[in-house]
Amino acid sequence: MTENTSTPTIPSPRRVSARLAAIAESATLAVDAKAKALKAAGRPVIGFGAGEPDFATPQYIVDAAVAAAQEPVNHRYSPAKGLPVLREAIAAKTLRDSGYEISPDQVLVTNGGKQAVYEAFAAIIDPGDEVLLPAPYWTTYPEAIALAGGSAVEVFAGTDQDYLVTVEQLEAARTDRTKALLFCSPSNPTGAVYSPEQTAAIGRWAHENGIWVVTDEIYEHLVYDDAEFTSILKVVPELADTTIVLNGVAKTYAMTGWRVGWLVGPADVVKAATNLQSHLTSNVSNVSQRAALAAVAGDLSAVETMREAFDERRRTMVRMLREIDGVEVPTPRGAFYAYPNVEGLLGRTFRGRTPRTSAELAELILEEVEVAVVPGEAFGPSGYLRLSYALGMDDLVEGISRMQDLLR
């Protein structure tokens with residue numbers, strides 16, 4: 001008998017952790033980056049991808065930042081939880097804009113809204129917990145839930161419901177593992193806005209079933225027509241001990257690059273999230289915090305000017321999209337997105353190409369007429385596109401005109 005002297009194969013160590021390898025790239029940022037790269041290469045690309053106002057940050061906010069940069073006290077570490085004066089201003093702004101009272105101690109200032117999302121789920125979710133996620137949803141929510149060890153349970157509402165989920169749908173998705181509900185109104189990506197009655201019904205259902213609510217209110221000031229922003233804590237105040245509110249200055253004040261958001265919640269949750277942030281990033285840039293202070297402590301006149309411009313663009317975009325046969329567009333009443341249903345275009349041939357999914361349609365639109373849109377696969381089921389109208393009117397009209405020429 002011959003002895004086997006071969007050396008056993010030793011498996012190669014994993015180079016990237018399974019946890020991070022499972023994270024999907026941000027589809028919205030990927031589309032925006034591709035559009036900007038093509039534009040830098042001289043291509044006349046028009047991008048509807050990024051949720052970023054095209055306005056400059058109001059001058060009084062910039063002036064506050066310039067003054068802050070010249071103060072040596074802002075050159076040093078500050079509390080991980082945020083500058084006390086900013087947390088006080090956020091508490092005052094919450095009462096002014098949302099209609100309920102909080103303590104500055106309940107506020108954690110974060111490096112943008114995304115950090116607030118991540119820390120909220122990290123603070124309350126354990127492995128095995130489920131989070132009800134109304135779809136279509138913002139791309140970051142399921143990734144943040146997964147990083148916390150939880151599972152996102154999608155609850156889909158289509159065009160027939162104006163993208164608004166019902167209590168009955170949520171109840172049908174609830175299990176004994178349901179820990180939290182993500183609630184976003186006005187919505188990214190659809191622009192849908194829940195009425196006060198719908199918001200109250202969902203809040204009461206969550207409270208009756210002991211379910212946490214993580215509510216994203218970052219588009220609170222961008223509502224149109226007869227839509228009304230309603231904070232879930234205003235209409236269901238008994239949820240205060242099991243609700244985390246997410247917000248920031250990015251969308252309201254055209255401050256996406258300043259990276260200031262915040263998280264409001266019960267004391268134990270805020271303490272846990274603050275401990276995490278103390279190790280993760282420490283304090284938010286003091287200069288940015290001083291700019292945010294000027295924003296939230298000031299009036300909303302600059303915000304109203306931007307909102308009026310968004311409203312005009314919204315109406316133009318919806319009208320032009322509805323002129324394309326096979327496209328269905330519920331009227332967005334908040335944020336700065338339209339979310340057309342393009343199932344009527346799939347399976348049809350355009351310039352010799354036949355897209356079967358919204359991802360293929362988005363690729364066709366970019367390659368054929370150099371217009372960047374985000375496919376529905378980034379936010380839930382295929383069959384939809386997201387277009388941001390946070391860009392100039394001339395580009396908006398030109399971009400959709402190109403789409404009309406291609407898709408007629």
# chains A, B, ... in the order shown; residues from 1 in each chain; ligands from 1
>>> select_by_dssp(residues="stretch 52-258 of chain A", states="alpha helix (DSSP H)", output="JSON, numbers by chain")
{"A": [59, 60, 61, 62, 63, 64, 65, 66, 67, 68, 69, 84, 85, 86, 87, 88, 89, 90, 91, 92, 93, 94, 95, 96, 97, 98, 112, 113, 114, 115, 116, 117, 118, 119, 120, 121, 122, 123, 124, 140, 141, 142, 143, 144, 145, 146, 147, 167, 168, 169, 170, 171, 172, 173, 196, 197, 198, 199, 200, 201, 202, 203, 204, 205, 206, 207, 208, 232, 233, 234, 235]}
>>> residues_around(residues="A:Asn341", least_positions_apart="2", cutoff="10 Å", atoms="only C-alpha atoms", output="list in words")
Gly158, Thr159, Gly326, Val327, Glu328, Val329, Pro330, Ala338, Tyr339, Glu343, Gly344, Leu345, Ser358, Gly376, Ser382, Gly383, Tyr384, Leu385 and Arg386 of chain A
>>> write_last_selection(atoms="all heavy atoms", output="short mmCIF file (atom, residue, chain, number, x, y, z; two decimals), in the first residue's frame")
data_model
loop_
_atom_site.label_atom_id
_atom_site.label_comp_id
_atom_site.auth_asym_id
_atom_site.auth_seq_id
_atom_site.Cartn_x
_atom_site.Cartn_y
_atom_site.Cartn_z
N GLY A 158 -47.48 50.00 -3.96
CA GLY A 158 -47.23 50.45 -5.31
C GLY A 158 -47.98 51.70 -5.68
O GLY A 158 -48.49 52.44 -4.83
N THR A 159 -48.06 51.95 -7.00
CA THR A 159 -48.69 53.17 -7.48
C THR A 159 -50.17 53.23 -7.13
O THR A 159 -50.73 54.32 -6.95
CB THR A 159 -48.52 53.29 -9.00
OG1 THR A 159 -48.95 52.07 -9.63
CG2 THR A 159 -47.07 53.54 -9.36
N GLY A 326 -46.80 54.78 -21.55
CA GLY A 326 -46.29 53.64 -20.80
C GLY A 326 -45.70 54.01 -19.45
O GLY A 326 -45.25 53.14 -18.71
N VAL A 327 -45.71 55.32 -19.13
CA VAL A 327 -45.17 55.79 -17.85
C VAL A 327 -46.32 56.27 -16.97
O VAL A 327 -47.15 57.07 -17.40
CB VAL A 327 -44.15 56.92 -18.04
CG1 VAL A 327 -43.69 57.50 -16.71
CG2 VAL A 327 -42.94 56.40 -18.82
N GLU A 328 -46.38 55.78 -15.73
CA GLU A 328 -47.39 56.20 -14.76
C GLU A 328 -46.68 56.92 -13.62
O GLU A 328 -45.74 56.39 -13.03
CB GLU A 328 -48.14 54.98 -14.23
CG GLU A 328 -49.21 55.31 -13.20
CD GLU A 328 -49.89 54.07 -12.64
OE1 GLU A 328 -49.53 52.94 -13.06
OE2 GLU A 328 -50.77 54.22 -11.76
N VAL A 329 -47.14 58.12 -13.27
CA VAL A 329 -46.45 58.93 -12.27
C VAL A 329 -47.44 59.42 -11.20
O VAL A 329 -48.16 60.40 -11.42
CB VAL A 329 -45.75 60.16 -12.90
CG1 VAL A 329 -44.79 60.79 -11.88
CG2 VAL A 329 -45.02 59.80 -14.17
N PRO A 330 -47.49 58.75 -10.05
CA PRO A 330 -48.25 59.34 -8.94
C PRO A 330 -47.65 60.69 -8.58
O PRO A 330 -46.44 60.89 -8.66
CB PRO A 330 -48.05 58.33 -7.80
CG PRO A 330 -47.67 57.06 -8.49
CD PRO A 330 -46.90 57.47 -9.70
N ALA A 338 -39.42 62.29 -8.13
CA ALA A 338 -40.55 61.63 -8.76
C ALA A 338 -40.18 60.16 -8.91
O ALA A 338 -39.00 59.83 -9.10
CB ALA A 338 -40.85 62.26 -10.12
N TYR A 339 -41.18 59.30 -8.82
CA TYR A 339 -40.92 57.85 -8.85
C TYR A 339 -41.88 57.20 -9.84
O TYR A 339 -42.87 56.55 -9.45
CB TYR A 339 -41.09 57.27 -7.45
CG TYR A 339 -40.37 55.95 -7.24
CD1 TYR A 339 -38.98 55.91 -7.16
CD2 TYR A 339 -41.07 54.76 -7.13
CE1 TYR A 339 -38.31 54.72 -6.96
CE2 TYR A 339 -40.41 53.55 -6.92
CZ TYR A 339 -39.03 53.55 -6.84
OH TYR A 339 -38.36 52.35 -6.64
N GLU A 343 -43.22 50.08 -15.89
CA GLU A 343 -43.49 48.71 -16.33
C GLU A 343 -44.06 48.69 -17.75
O GLU A 343 -43.84 47.72 -18.49
CB GLU A 343 -44.45 48.03 -15.36
CG GLU A 343 -43.83 47.79 -13.98
CD GLU A 343 -44.84 47.27 -12.97
OE1 GLU A 343 -45.89 47.92 -12.79
OE2 GLU A 343 -44.59 46.20 -12.38
N GLY A 344 -44.78 49.75 -18.13
CA GLY A 344 -45.34 49.82 -19.48
C GLY A 344 -44.31 49.98 -20.57
O GLY A 344 -44.63 49.85 -21.76
N LEU A 345 -43.07 50.29 -20.20
CA LEU A 345 -42.00 50.43 -21.18
C LEU A 345 -41.18 49.15 -21.34
O LEU A 345 -40.49 48.97 -22.34
CB LEU A 345 -41.05 51.57 -20.77
CG LEU A 345 -41.65 52.98 -20.68
CD1 LEU A 345 -40.59 53.96 -20.19
CD2 LEU A 345 -42.20 53.43 -22.03
N SER A 358 -36.09 47.55 -14.98
CA SER A 358 -35.82 48.98 -14.89
C SER A 358 -34.32 49.26 -14.85
O SER A 358 -33.88 50.34 -15.25
CB SER A 358 -36.53 49.59 -13.68
OG SER A 358 -36.31 48.87 -12.50
N GLY A 376 -35.39 51.23 -10.15
CA GLY A 376 -36.15 50.82 -8.98
C GLY A 376 -35.52 49.73 -8.16
O GLY A 376 -35.79 49.60 -6.95
N SER A 382 -38.26 45.88 -9.16
CA SER A 382 -37.99 46.44 -10.48
C SER A 382 -39.28 47.03 -11.05
O SER A 382 -40.38 46.75 -10.58
CB SER A 382 -37.46 45.34 -11.41
OG SER A 382 -37.19 45.85 -12.70
N GLY A 383 -39.12 47.86 -12.07
CA GLY A 383 -40.28 48.43 -12.74
C GLY A 383 -40.48 49.90 -12.48
O GLY A 383 -41.49 50.48 -12.90
N TYR A 384 -39.50 50.56 -11.85
CA TYR A 384 -39.63 51.96 -11.47
C TYR A 384 -38.31 52.68 -11.73
O TYR A 384 -37.25 52.06 -11.85
CB TYR A 384 -40.01 52.10 -9.99
CG TYR A 384 -41.28 51.37 -9.62
CD1 TYR A 384 -41.25 50.01 -9.32
CD2 TYR A 384 -42.50 52.03 -9.59
CE1 TYR A 384 -42.41 49.33 -9.00
CE2 TYR A 384 -43.67 51.36 -9.26
CZ TYR A 384 -43.62 50.01 -8.97
OH TYR A 384 -44.78 49.34 -8.67
N LEU A 385 -38.38 54.01 -11.79
CA LEU A 385 -37.19 54.84 -11.85
C LEU A 385 -37.35 55.96 -10.82
O LEU A 385 -38.46 56.41 -10.55
CB LEU A 385 -37.03 55.49 -13.23
CG LEU A 385 -36.87 54.58 -14.44
CD1 LEU A 385 -36.83 55.41 -15.72
CD2 LEU A 385 -35.61 53.72 -14.34
N ARG A 386 -36.22 56.39 -10.25
CA ARG A 386 -36.25 57.57 -9.41
C ARG A 386 -35.52 58.70 -10.11
O ARG A 386 -34.40 58.52 -10.58
CB ARG A 386 -35.60 57.34 -8.04
CG ARG A 386 -35.88 58.50 -7.06
CD ARG A 386 -35.01 58.47 -5.82
NE ARG A 386 -33.67 59.01 -6.10
CZ ARG A 386 -32.78 59.31 -5.16
NH1 ARG A 386 -33.06 59.12 -3.88
NH2 ARG A 386 -31.57 59.78 -5.49
#
>>> residues_around(residues="A:Pro84", least_positions_apart="3", cutoff="12 Å", atoms="only C-alpha atoms", output="JSON, numbers by chain")
{"A": [78, 79, 80, 81, 87, 88, 89, 90, 91, 103, 104, 105, 106, 107, 108, 109, 283, 286, 289, 290, 293]}
>>> closest_atom_pairs(of="stretch 56-129 of chain A", to="stretch 144-157 of chain A", cutoff="10 Å", atoms="only C-alpha atoms", output="JSON lines")
{"residue": "A:Lys114", "atom": "CA", "partner": "A:Ala144", "partner_atom": "CA", "distance": 8.8}
{"residue": "A:Gln115", "atom": "CA", "partner": "A:Ala144", "partner_atom": "CA", "distance": 9.3}
{"residue": "A:Val117", "atom": "CA", "partner": "A:Ala144", "partner_atom": "CA", "distance": 6.9}
{"residue": "A:Tyr118", "atom": "CA", "partner": "A:Ala144", "partner_atom": "CA", "distance": 5.1}
{"residue": "A:Glu119", "atom": "CA", "partner": "A:Ala144", "partner_atom": "CA", "distance": 8.4}
{"residue": "A:Ala120", "atom": "CA", "partner": "A:Ala144", "partner_atom": "CA", "distance": 9.0}
{"residue": "A:Phe121", "atom": "CA", "partner": "A:Ile145", "partner_atom": "CA", "distance": 6.0}
{"residue": "A:Ala122", "atom": "CA", "partner": "A:Ala148", "partner_atom": "CA", "distance": 4.9}
{"residue": "A:Ala123", "atom": "CA", "partner": "A:Ala148", "partner_atom": "CA", "distance": 8.2}
{"residue": "A:Ile124", "atom": "CA", "partner": "A:Ala148", "partner_atom": "CA", "distance": 8.5}
{"residue": "A:Ile125", "atom": "CA", "partner": "A:Ala148", "partner_atom": "CA", "distance": 5.9}
{"residue": "A:Asp126", "atom": "CA", "partner": "A:Gly149", "partner_atom": "CA", "distance": 5.7}
{"residue": "A:Pro127", "atom": "CA", "partner": "A:Gly149", "partner_atom": "CA", "distance": 4.2}
{"residue": "A:Gly128", "atom": "CA", "partner": "A:Gly150", "partner_atom": "CA", "distance": 5.6}
{"residue": "A:Asp129", "atom": "CA", "partner": "A:Gly150", "partner_atom": "CA", "distance": 4.9}
>>> select_by_dssp(residues="stretch 214-404 of chain A", states="strand (DSSP E or B)", output="number ranges by chain")
A: 214-216, 223, 243-248, 261-264, 328, 334, 337-338, 341, 350, 353, 371-372, 374-375, 384-388
>>> write_last_selection(atoms="N, CA and C atoms", output="compact mmCIF listing (two decimals), in the first residue's frame")
# COMPACT_ATOMS: atom_id res chain seq x y z
N VAL A 214 -38.45 54.06 14.08
CA VAL A 214 -37.32 54.90 13.66
C VAL A 214 -37.86 55.77 12.53
N THR A 215 -38.03 57.07 12.81
CA THR A 215 -38.69 57.95 11.85
C THR A 215 -37.71 58.96 11.28
N ASP A 216 -37.62 58.99 9.96
CA ASP A 216 -36.70 59.88 9.25
C ASP A 216 -37.47 61.11 8.80
N VAL A 223 -42.71 70.07 1.40
CA VAL A 223 -44.03 69.52 1.08
C VAL A 223 -44.76 70.50 0.16
N THR A 243 -39.33 55.63 20.33
CA THR A 243 -39.17 56.25 19.01
C THR A 243 -37.82 56.96 18.93
N ILE A 244 -37.17 56.80 17.78
CA ILE A 244 -35.93 57.51 17.46
C ILE A 244 -36.20 58.37 16.24
N VAL A 245 -35.94 59.67 16.37
CA VAL A 245 -36.17 60.63 15.28
C VAL A 245 -34.83 60.95 14.62
N LEU A 246 -34.79 60.87 13.30
CA LEU A 246 -33.60 61.18 12.52
C LEU A 246 -33.84 62.45 11.72
N ASN A 247 -32.83 63.32 11.67
CA ASN A 247 -33.00 64.57 10.93
C ASN A 247 -31.63 65.14 10.62
N GLY A 248 -31.60 66.30 9.98
CA GLY A 248 -30.33 66.93 9.65
C GLY A 248 -30.55 68.18 8.83
N GLY A 261 -26.02 65.83 10.93
CA GLY A 261 -27.35 65.29 11.18
C GLY A 261 -27.54 65.16 12.67
N TRP A 262 -28.66 64.56 13.07
CA TRP A 262 -28.85 64.30 14.50
C TRP A 262 -29.86 63.19 14.72
N LEU A 263 -29.79 62.68 15.91
CA LEU A 263 -30.65 61.60 16.37
C LEU A 263 -31.28 62.07 17.68
N VAL A 264 -32.59 61.89 17.81
CA VAL A 264 -33.31 62.23 19.03
C VAL A 264 -34.00 60.97 19.55
N GLU A 328 -46.38 55.78 -15.73
CA GLU A 328 -47.39 56.20 -14.76
C GLU A 328 -46.68 56.92 -13.62
N GLY A 334 -43.92 65.57 -1.63
CA GLY A 334 -42.88 65.95 -0.70
C GLY A 334 -41.50 65.60 -1.23
N TYR A 337 -38.27 64.24 -5.33
CA TYR A 337 -38.16 63.08 -6.21
C TYR A 337 -39.50 62.77 -6.88
N ALA A 338 -39.42 62.29 -8.13
CA ALA A 338 -40.55 61.63 -8.76
C ALA A 338 -40.18 60.16 -8.91
N ASN A 341 -43.66 54.74 -12.47
CA ASN A 341 -43.79 53.32 -12.79
C ASN A 341 -43.55 53.18 -14.28
N PHE A 350 -36.42 49.93 -28.14
CA PHE A 350 -36.02 51.31 -28.38
C PHE A 350 -34.62 51.29 -28.99
N ARG A 353 -32.93 47.99 -28.87
CA ARG A 353 -32.68 47.37 -27.57
C ARG A 353 -34.01 47.17 -26.84
N VAL A 371 -28.58 60.48 -20.12
CA VAL A 371 -29.37 60.94 -18.98
C VAL A 371 -29.28 59.87 -17.90
N ALA A 372 -28.88 60.28 -16.68
CA ALA A 372 -28.68 59.33 -15.59
C ALA A 372 -29.89 59.34 -14.66
N VAL A 374 -31.98 56.61 -11.59
CA VAL A 374 -31.71 55.46 -10.71
C VAL A 374 -32.81 54.43 -10.88
N PRO A 375 -32.47 53.16 -11.14
CA PRO A 375 -33.50 52.14 -11.34
C PRO A 375 -34.16 51.72 -10.04
N TYR A 384 -39.50 50.56 -11.85
CA TYR A 384 -39.63 51.96 -11.47
C TYR A 384 -38.31 52.68 -11.73
N LEU A 385 -38.38 54.01 -11.79
CA LEU A 385 -37.19 54.84 -11.85
C LEU A 385 -37.35 55.96 -10.82
N ARG A 386 -36.22 56.39 -10.25
CA ARG A 386 -36.25 57.57 -9.41
C ARG A 386 -35.52 58.70 -10.11
N LEU A 387 -36.20 59.85 -10.18
CA LEU A 387 -35.59 61.04 -10.75
C LEU A 387 -35.67 62.15 -9.71
N SER A 388 -34.54 62.76 -9.42
CA SER A 388 -34.51 63.91 -8.53
C SER A 388 -34.74 65.18 -9.34
>>> residues_around(residues="A:Ala22", least_positions_apart="3", cutoff="9 Å", atoms="only C-alpha atoms", output="list in words")
Ser17, Ala18, Arg19, Glu143 and Ala146 of chain A
>>> write_last_selection(atoms="C-alpha atoms", output="compact mmCIF listing (two decimals), in the first residue's frame")
# COMPACT_ATOMS: atom_id res chain seq x y z
CA SER A 17 -15.12 40.35 6.39
CA ALA A 18 -18.41 38.70 5.49
CA ARG A 19 -20.22 41.54 7.22
CA GLU A 143 -27.77 48.02 4.76
CA ALA A 146 -28.12 44.33 8.25
>>> atom_distance(atom1="atom CA of A:Val131", atom2="atom CA of A:Thr178")
5.9 Å
>>> closest_residue(among="A:Ala295, A:Val303, A:Leu366, A:Ala192", to="A:Lys39", atoms="only C-alpha atoms")
A:Leu366
>>> residues_around(residues="A:Glu308", least_positions_apart="6", cutoff="12 Å", atoms="only C-alpha atoms", output="JSON, numbers by chain")
{"A": [221, 222, 223, 224, 225, 301, 302, 314, 315, 334, 336, 390]}
>>> closest_residue(among="A:Ile324, A:Ile218, A:Ala294, A:Ala378", to="A:Ala67", atoms="only C-alpha atoms")
A:Ala294
>>> residues_around(residues="stretch 250-253 of chain A", least_positions_apart="5", cutoff="10 Å", atoms="only C-alpha atoms", output="PDB file with C-alpha atoms, in the first residue's frame")
ATOM      1  CA  GLY A  51     -30.675  63.723  -3.838  1.00  0.00           C
ATOM      2  CA  GLU A  52     -28.713  66.927  -3.544  1.00  0.00           C
ATOM      3  CA  PRO A  53     -30.080  70.472  -3.844  1.00  0.00           C
ATOM      4  CA  PHE A  55     -28.569  75.650  -4.483  1.00  0.00           C
ATOM      5  CA  ALA A  56     -25.611  77.128  -2.630  1.00  0.00           C
ATOM      6  CA  THR A  57     -25.798  77.027   1.141  1.00  0.00           C
ATOM      7  CA  PRO A  58     -27.398  80.322   2.290  1.00  0.00           C
ATOM      8  CA  ILE A  61     -24.725  80.009   7.226  1.00  0.00           C
ATOM      9  CA  GLY A 112     -24.674  63.519   8.524  1.00  0.00           C
ATOM     10  CA  GLY A 113     -28.007  61.745   8.420  1.00  0.00           C
ATOM     11  CA  ILE A 218     -35.114  65.044   7.020  1.00  0.00           C
ATOM     12  CA  TYR A 219     -37.523  66.255   4.288  1.00  0.00           C
ATOM     13  CA  GLU A 220     -39.954  67.838   6.764  1.00  0.00           C
ATOM     14  CA  HIS A 221     -39.937  71.293   5.159  1.00  0.00           C
ATOM     15  CA  LEU A 222     -40.292  70.118   1.558  1.00  0.00           C
ATOM     16  CA  TRP A 258     -21.351  69.914   5.603  1.00  0.00           C
ATOM     17  CA  ARG A 259     -22.240  66.503   7.136  1.00  0.00           C
ATOM     18  CA  VAL A 260     -24.408  67.404  10.121  1.00  0.00           C
ATOM     19  CA  GLY A 261     -27.350  65.289  11.180  1.00  0.00           C
ATOM     20  CA  ALA A 292     -25.686  74.071  11.493  1.00  0.00           C
ATOM     21  CA  ALA A 295     -29.188  77.193  10.097  1.00  0.00           C
ATOM     22  CA  VAL A 296     -31.517  75.724  12.712  1.00  0.00           C
ATOM     23  CA  LEU A 300     -37.051  79.573   7.215  1.00  0.00           C
ATOM     24  CA  ALA A 302     -34.269  80.866   2.530  1.00  0.00           C
ATOM     25  CA  VAL A 303     -35.813  77.414   2.834  1.00  0.00           C
ATOM     26  CA  GLU A 304     -39.123  78.695   1.456  1.00  0.00           C
ATOM     27  CA  MET A 306     -35.828  76.805  -2.379  1.00  0.00           C
ATOM     28  CA  ARG A 307     -39.107  74.984  -1.731  1.00  0.00           C
ATOM     29  CA  ALA A 335     -39.056  65.783  -0.862  1.00  0.00           C
ATOM     30  CA  PHE A 336     -37.620  66.345  -4.369  1.00  0.00           C
ATOM     31  CA  ALA A 390     -33.068  69.043  -7.323  1.00  0.00           C
TER      32      ALA A 390
END
>>> decode(residues="stretch 135-144 of chain A", atoms="all heavy atoms", output="compact mmCIF listing (two decimals), in the first residue's frame")
# COMPACT_ATOMS: atom_id res chain seq x y z
N ALA A 135 -41.64 49.76 1.44
CA ALA A 135 -40.96 49.88 0.15
C ALA A 135 -41.90 50.54 -0.85
O ALA A 135 -43.11 50.32 -0.78
CB ALA A 135 -40.53 48.50 -0.35
N PRO A 136 -41.32 51.33 -1.76
CA PRO A 136 -39.92 51.63 -2.00
C PRO A 136 -39.27 52.39 -0.82
O PRO A 136 -39.91 53.17 -0.16
CB PRO A 136 -39.96 52.51 -3.25
CG PRO A 136 -41.25 52.17 -3.92
CD PRO A 136 -42.19 51.93 -2.81
N TYR A 137 -37.96 52.11 -0.62
CA TYR A 137 -37.23 52.64 0.53
C TYR A 137 -35.90 53.23 0.07
O TYR A 137 -35.39 52.93 -1.01
CB TYR A 137 -36.94 51.52 1.54
CG TYR A 137 -36.35 50.29 0.89
CD1 TYR A 137 -35.02 50.24 0.48
CD2 TYR A 137 -37.14 49.17 0.63
CE1 TYR A 137 -34.49 49.13 -0.14
CE2 TYR A 137 -36.61 48.05 0.01
CZ TYR A 137 -35.30 48.04 -0.39
OH TYR A 137 -34.78 46.94 -1.03
N TRP A 138 -35.34 54.08 0.91
CA TRP A 138 -34.00 54.63 0.64
C TRP A 138 -32.97 53.52 0.75
O TRP A 138 -33.03 52.66 1.64
CB TRP A 138 -33.72 55.76 1.62
CG TRP A 138 -32.41 56.45 1.46
CD1 TRP A 138 -31.81 56.83 0.29
CD2 TRP A 138 -31.53 56.86 2.51
NE1 TRP A 138 -30.61 57.46 0.55
CE2 TRP A 138 -30.42 57.49 1.90
CE3 TRP A 138 -31.58 56.76 3.90
CZ2 TRP A 138 -29.37 58.00 2.64
CZ3 TRP A 138 -30.53 57.29 4.63
CH2 TRP A 138 -29.44 57.90 4.01
N THR A 139 -31.98 53.54 -0.13
CA THR A 139 -31.04 52.44 -0.26
C THR A 139 -30.25 52.13 1.01
O THR A 139 -29.85 50.98 1.24
CB THR A 139 -30.02 52.74 -1.38
OG1 THR A 139 -29.35 53.97 -1.09
CG2 THR A 139 -30.71 52.87 -2.71
N THR A 140 -30.01 53.11 1.86
CA THR A 140 -29.17 52.91 3.04
C THR A 140 -29.88 52.14 4.14
O THR A 140 -29.23 51.45 4.95
CB THR A 140 -28.67 54.27 3.57
OG1 THR A 140 -27.76 54.83 2.61
CG2 THR A 140 -27.95 54.14 4.90
N TYR A 141 -31.21 52.22 4.22
CA TYR A 141 -31.91 51.59 5.34
C TYR A 141 -31.62 50.08 5.47
O TYR A 141 -31.24 49.63 6.56
CB TYR A 141 -33.43 51.80 5.22
CG TYR A 141 -33.90 53.23 5.30
CD1 TYR A 141 -34.93 53.68 4.49
CD2 TYR A 141 -33.32 54.14 6.19
CE1 TYR A 141 -35.39 54.99 4.56
CE2 TYR A 141 -33.77 55.46 6.26
CZ TYR A 141 -34.81 55.87 5.43
OH TYR A 141 -35.25 57.17 5.50
N PRO A 142 -31.80 49.27 4.43
CA PRO A 142 -31.57 47.83 4.63
C PRO A 142 -30.13 47.49 4.98
O PRO A 142 -29.87 46.54 5.71
CB PRO A 142 -31.99 47.21 3.30
CG PRO A 142 -31.96 48.32 2.31
CD PRO A 142 -32.29 49.56 3.07
N GLU A 143 -29.18 48.30 4.46
CA GLU A 143 -27.77 48.02 4.76
C GLU A 143 -27.48 48.33 6.23
O GLU A 143 -26.75 47.58 6.90
CB GLU A 143 -26.87 48.86 3.85
CG GLU A 143 -27.12 48.67 2.37
CD GLU A 143 -26.97 47.23 1.90
OE1 GLU A 143 -26.25 46.44 2.56
OE2 GLU A 143 -27.57 46.89 0.87
N ALA A 144 -28.02 49.42 6.75
CA ALA A 144 -27.82 49.76 8.16
C ALA A 144 -28.46 48.73 9.07
O ALA A 144 -27.91 48.36 10.11
CB ALA A 144 -28.39 51.15 8.45
